[in-house]
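Engineer: One structure, pasted below without further comment.
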Number of protein chains: 2
Amino acid sequence: MRRELTVRGTRDFYPDSYDRIRFLFESWRKTARSYGFEEIEAPMIETLELYRIKSGDEIVGQLYHFTDKGGRELALRPELTPTVARMIAAVQNQIAKPIKWFSIPRCMRYEKPQKGRLREFFQLNVDVVGEDSETADLEVIGVAIDSLIDLGLTEKDFVVKINNRDFVSEYFRHEGIDPAIEHGLFKVIDNAPKAPPEATEDALRKLPLSEEQRGGIESYLRLATAEDLRSLDFESAGRDSLSRLFGLLDTAGFGPYCSFDPSVVRGLDYYTGTVFEIFDRSERMRAICGGGRYNHLLREFSGQDLPACGFGMGDVVLSEILQDRGLFPPYSPPLDYYLVRISGEQLPLLLKTARVLRRRGLRVEYSYGEQNVKKQMARASKLGASKVLIFGEDEIARGRLVEKDLATGEEREVSFPRS
Amino acid sequence: MRRELTVRGTRDFYPDSYDRIRFLFESWRKTARSYGFEEIEAPMIETLELYRIKSGDEIVGQLYHFTDKGGRELALRPELTPTVARMIAAVQNQIAKPIKWFSIPRCMRYEKPQKGRLREFFQLNVDVVGEDSETADLEVIGVAIDSLIDLGLTEKDFVVKINNRDFVSEYFRHEGIDPAIEHGLFKVIDNAPKAPPEATEDALRKLPLSEEQRGGIESYLRLATAEDLRSLDFESAGRDSLSRLFGLLDTAGFGPYCSFDPSVVRGLDYYTGTVFEIFDRSERMRAICGGGRYNHLLREFSGQDLPACGFGMGDVVLSEILQDRGLFPPYSPPLDYYLVRISGEQLPLLLKTARVLRRRGLRVEYSYGEQNVKKQMARASKLGASKVLIFGEDEIARGRLVEKDLATGEEREVSFPRS
């Protein structure tokens, strides 16, 4: 095998690994549908311009992009949110709000492949558009949590870390910090949990902050609970929104899965209000899921603001967790019937029978070449067939076939299946 | 809406059009599984080298290809067969034959978009590898036919045109034609049904052929039926294989869907033996499906021959046919319950109830904002809810809710759903 023919950071899904990814997709689909989301899809390629509009430089640097034979600058989609914004903008005056869409896009990013990160991956993408209330945030976080629960994970396995970008901005403004440095400050905060404390201190020292302001940021990073938020002595719409959201999460039974976390601010520029990330409780992995509110992104496409909230949950980290926990079902493709012929004479009847059973939706196999009965029976067992149907001359003369149940060994005569 | 943001030749799948493509995918999947095929998937990008190996120049000219940031020459897959060959080569000594795989890949080709042809499309890809008999060809053609039947098409709608590349080569050799010009001759033959007769004559005149040889080719193109084949006065293994295949197709009940067609030779260089294309009977469309045997492609990857046969059935032409015939089901996302609250007081109980019902797999919606009952009921009707559950103060005090069937108008009291 010429290994250099496989592209780095991509995966081949053989039947057993395809079965696992499909298990994941079907679980995602079931949960998103139960929440009333409708499924969409979109092109794998978009104009590079789509990502330049509002995704921040960071993501453009991670794109696979190229110029096509017609001179167009194109990119392989690294996420679905800009596509969703583009699609919504085209129809936003014609459809009822809230718009609730989900998708399971294949995405590509040119990043260094490592544990939990590949260049090609899938994600569950969920968005509620046209609704600014915390109830919409609740729905979005709820579908993320119930997706993980449906896959067999529990509150012992994962935690949803929640924050609010408005609250963070209001906090910093209360500390007298210049809004112009907010972007850089968000990066430091985003990085804080992964970095040693000295690195965070160093990074803060490089920003134009007074000693008092740095102290304020360090206090901010020590906020640990929703109660800590309530004790703050300034007005903050973002904090009030967070409180309402935590109230709703508790009410709906999601409380044990959720906690406030000051370090969650999300890297992408387009987020506003509620932001969240979901982590494995062991915290040895990258985030399972990330999302939040992006109330101004639509304006870039349609000239009109339309509030929106959503998330992306990738398959790579999640699959590692499911694999670790033994939560993927074993692969055993169902085979309902293996048809066994005594000689080539019975082939015409066998072919007709195969087709009748298959058109009933049953999974049916037989030997393509001439093989003796023993070999055919061995193949039937190997493929895990539930039953074999034996085409013997004497039985056929009487209009019958022999059906053998491979689990019990029981045999009985049956008449020819007819459509 | 900034239209220039949509890439030419691609499609956005809004919920209604996604529903149609998914209907198609699920039908394909069901039929392929009934034939015992196992599903696989693979990367969207491959090395350009993979396509250079054996696909012929034609397809490389139609590729989206580019150099990545690491200097690798990559291409977006235009079809799945080279990928399948690469994947098989990596495991061919470890798995039992025949290998029966299917996939529903997204593919991309840089071609001029027109009716029935887009730059981005999906296809059903089916392959039997490790089996050289006509029975394997039968299985491959059978799954293609039964896929179309499952979608609601009949023998009046489509025809499978079948030929055999060995037979064509043997015929030409019998006419004394130089094998070196066979490739060019195949192109003329492939094009003959779409071109005016003069154009075919002209194209033949440009090849180094004697008048007698040209006459032989014209006789070849006049062959019309499997009977015509039998009357030929020379030995041909390809013709014998075709006869056996037509015999099997008749036996299995596929006879009315199939006919011999001398112009079907398939453009790609890697085909050997059986080749086929499926057309709308009206012949106003491009082929619905094309495939055949490719017994030597694996050798390019693993150094070993491994016989193989397969096809690709694209979604674009097929969707146009299904749409024309009204065979797509109407889009109506199922909504099991819409939950209606009299006031905000009932929100906590409503949220708990929504979650209980959703975790049962039911599709449940409610109003995110505060709305009066009339508006909530109107939204429930608009979304096509089967039932509403009304959260009224008095009923709740008695531990009850009112369930209303929107189809019949009937109301009854029910107790709170509990998980």
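Going through the structure tokens in order, the chains are called A, B, and so on, while each chain numbers its residues from 1 and the ligands are numbered from 1 in the order shown.
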Determine, for each residue of chain A having at least one atom at most 7 Å from an atom of chain B, the closest pair of atoms and their separation in Å to one decimal, counting only C-alpha atoms; order by chain and ascending number, as a Markdown table.
Structural biologist:
| residue | atom | partner | partner_atom | distance |
| --- | --- | --- | --- | --- |
| A:Met1 | CA | B:Ala90 | CA | 5.3 |
| A:Arg2 | CA | B:Phe301 | CA | 6.7 |
| A:Leu5 | CA | B:Thr47 | CA | 6.0 |
| A:Thr6 | CA | B:Glu46 | CA | 6.8 |
| A:Val7 | CA | B:Glu46 | CA | 6.0 |
| A:Thr10 | CA | B:Pro43 | CA | 5.9 |
| A:Arg11 | CA | B:Pro43 | CA | 6.1 |
| A:Asp12 | CA | B:Ala42 | CA | 4.6 |
| A:Phe13 | CA | B:Glu41 | CA | 4.8 |
| A:Tyr14 | CA | B:Ile40 | CA | 5.2 |
| A:Pro15 | CA | B:Ile40 | CA | 5.1 |
| A:Tyr18 | CA | B:Ile40 | CA | 5.5 |
| A:Lys30 | CA | B:Gly361 | CA | 6.9 |
| A:Arg33 | CA | B:Arg363 | CA | 6.2 |
| A:Ser34 | CA | B:Arg363 | CA | 3.9 |
| A:Tyr35 | CA | B:Val364 | CA | 5.8 |
| A:Gly36 | CA | B:Arg363 | CA | 5.6 |
| A:Glu38 | CA | B:Pro15 | CA | 5.9 |
| A:Glu39 | CA | B:Pro15 | CA | 5.6 |
| A:Ile40 | CA | B:Pro15 | CA | 5.1 |
| A:Glu41 | CA | B:Phe13 | CA | 4.8 |
| A:Ala42 | CA | B:Asp12 | CA | 4.5 |
| A:Pro43 | CA | B:Thr10 | CA | 5.9 |
| A:Glu46 | CA | B:Val7 | CA | 6.0 |
| A:Thr47 | CA | B:Leu5 | CA | 6.0 |
| A:Leu50 | CA | B:Leu5 | CA | 6.5 |
| A:Tyr64 | CA | B:Asp68 | CA | 6.9 |
| A:Phe66 | CA | B:Phe66 | CA | 6.2 |
| A:Asp68 | CA | B:Tyr64 | CA | 6.9 |
| A:Ala89 | CA | B:Met1 | CA | 5.9 |
| A:Ala90 | CA | B:Met1 | CA | 5.3 |
| A:Ser133 | CA | B:Gly369 | CA | 6.9 |
| A:Thr135 | CA | B:Tyr368 | CA | 5.5 |
| A:Ala136 | CA | B:Tyr368 | CA | 6.3 |
| A:Thr251 | CA | B:Pro348 | CA | 5.5 |
| A:Ala252 | CA | B:Lys352 | CA | 4.9 |
| A:Gly253 | CA | B:Lys352 | CA | 6.9 |
| A:Phe301 | CA | B:Met1 | CA | 6.3 |
| A:Ser302 | CA | B:Met1 | CA | 5.5 |
| A:Pro348 | CA | B:Thr251 | CA | 5.5 |
| A:Leu351 | CA | B:Ala252 | CA | 5.1 |
| A:Lys352 | CA | B:Ala252 | CA | 4.9 |
| A:Arg358 | CA | B:Ser34 | CA | 5.1 |
| A:Gly361 | CA | B:Ser34 | CA | 5.6 |
| A:Leu362 | CA | B:Ser34 | CA | 5.4 |
| A:Arg363 | CA | B:Ser34 | CA | 3.9 |
| A:Val364 | CA | B:Tyr35 | CA | 5.8 |
| A:Glu365 | CA | B:Gly36 | CA | 6.0 |
| A:Tyr368 | CA | B:Thr135 | CA | 5.5 |
| A:Gly369 | CA | B:Ser133 | CA | 6.9 |
Engineer: Would you give me, as a list in words, the residues in stretch 103-154 of chain B that DSSP reads as helix (DSSP H, G or I)?
Structural biologist: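 Filtering stretch 103-154 of chain B down to helix (DSSP H, G or I) leaves Glu134, Thr135, Ala136, Asp137, Leu138, Glu139, Val140, Ile141, Gly142, Val143, Ala144, Ile145, Asp146, Ser147, Leu148, Ile149 and Asp150 of chain B.
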Engineer: Would you pick out the contacts of B:Lys194 at 12 Å or less, using only C-alpha atoms, so that residues sharing its chain but fewer than 5 positions from it are not included, and give the list as a list of chain:residue names?
Structural biologist: B:Lys187, B:Val188, B:Ile189, B:Ala199, B:Thr200, B:Ser263, B:Val264, B:Glu283, B:Arg284, B:Met285, B:Arg286, B:Ala287
Engineer: Write down as a list in words the residues of stretch 34-81 of chain A whose backbone DSSP state falls under strand (DSSP E).
Structural biologist: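 Selection result, strand (DSSP E) within stretch 34-81 of chain A: Glu38, Glu39, Ile45, Glu46, Thr47, His65, Phe66, Thr67, Glu73, Leu74, Ala75 and Leu76 of chain A.
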Engineer: Interatomic distance between atom CA of A:Thr154 and atom CA of A:Gly290?
Structural biologist: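 If I compute the distance from atom CA of A:Thr154 to atom CA of A:Gly290, I get 18.2 Å.
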Engineer: Measuring between only C-alpha atoms, which one of A:Leu148, A:Ile177, A:Val168, A:Met377 shows the shortest distance to A:Ser236?
Structural biologist: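 Looking only at the distances to A:Ser236, the closest residue turns out to be A:Val168.
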Engineer: For A:Glu211, find every residue with an atom within 12 Å (counting only C-alpha atoms), except residues of its own chain fewer than 4 positions away, and show them as JSON, numbers by chain.
Structural biologist: {"A": [175, 176, 177, 201, 204, 205, 206, 207, 215, 216, 217, 218]}
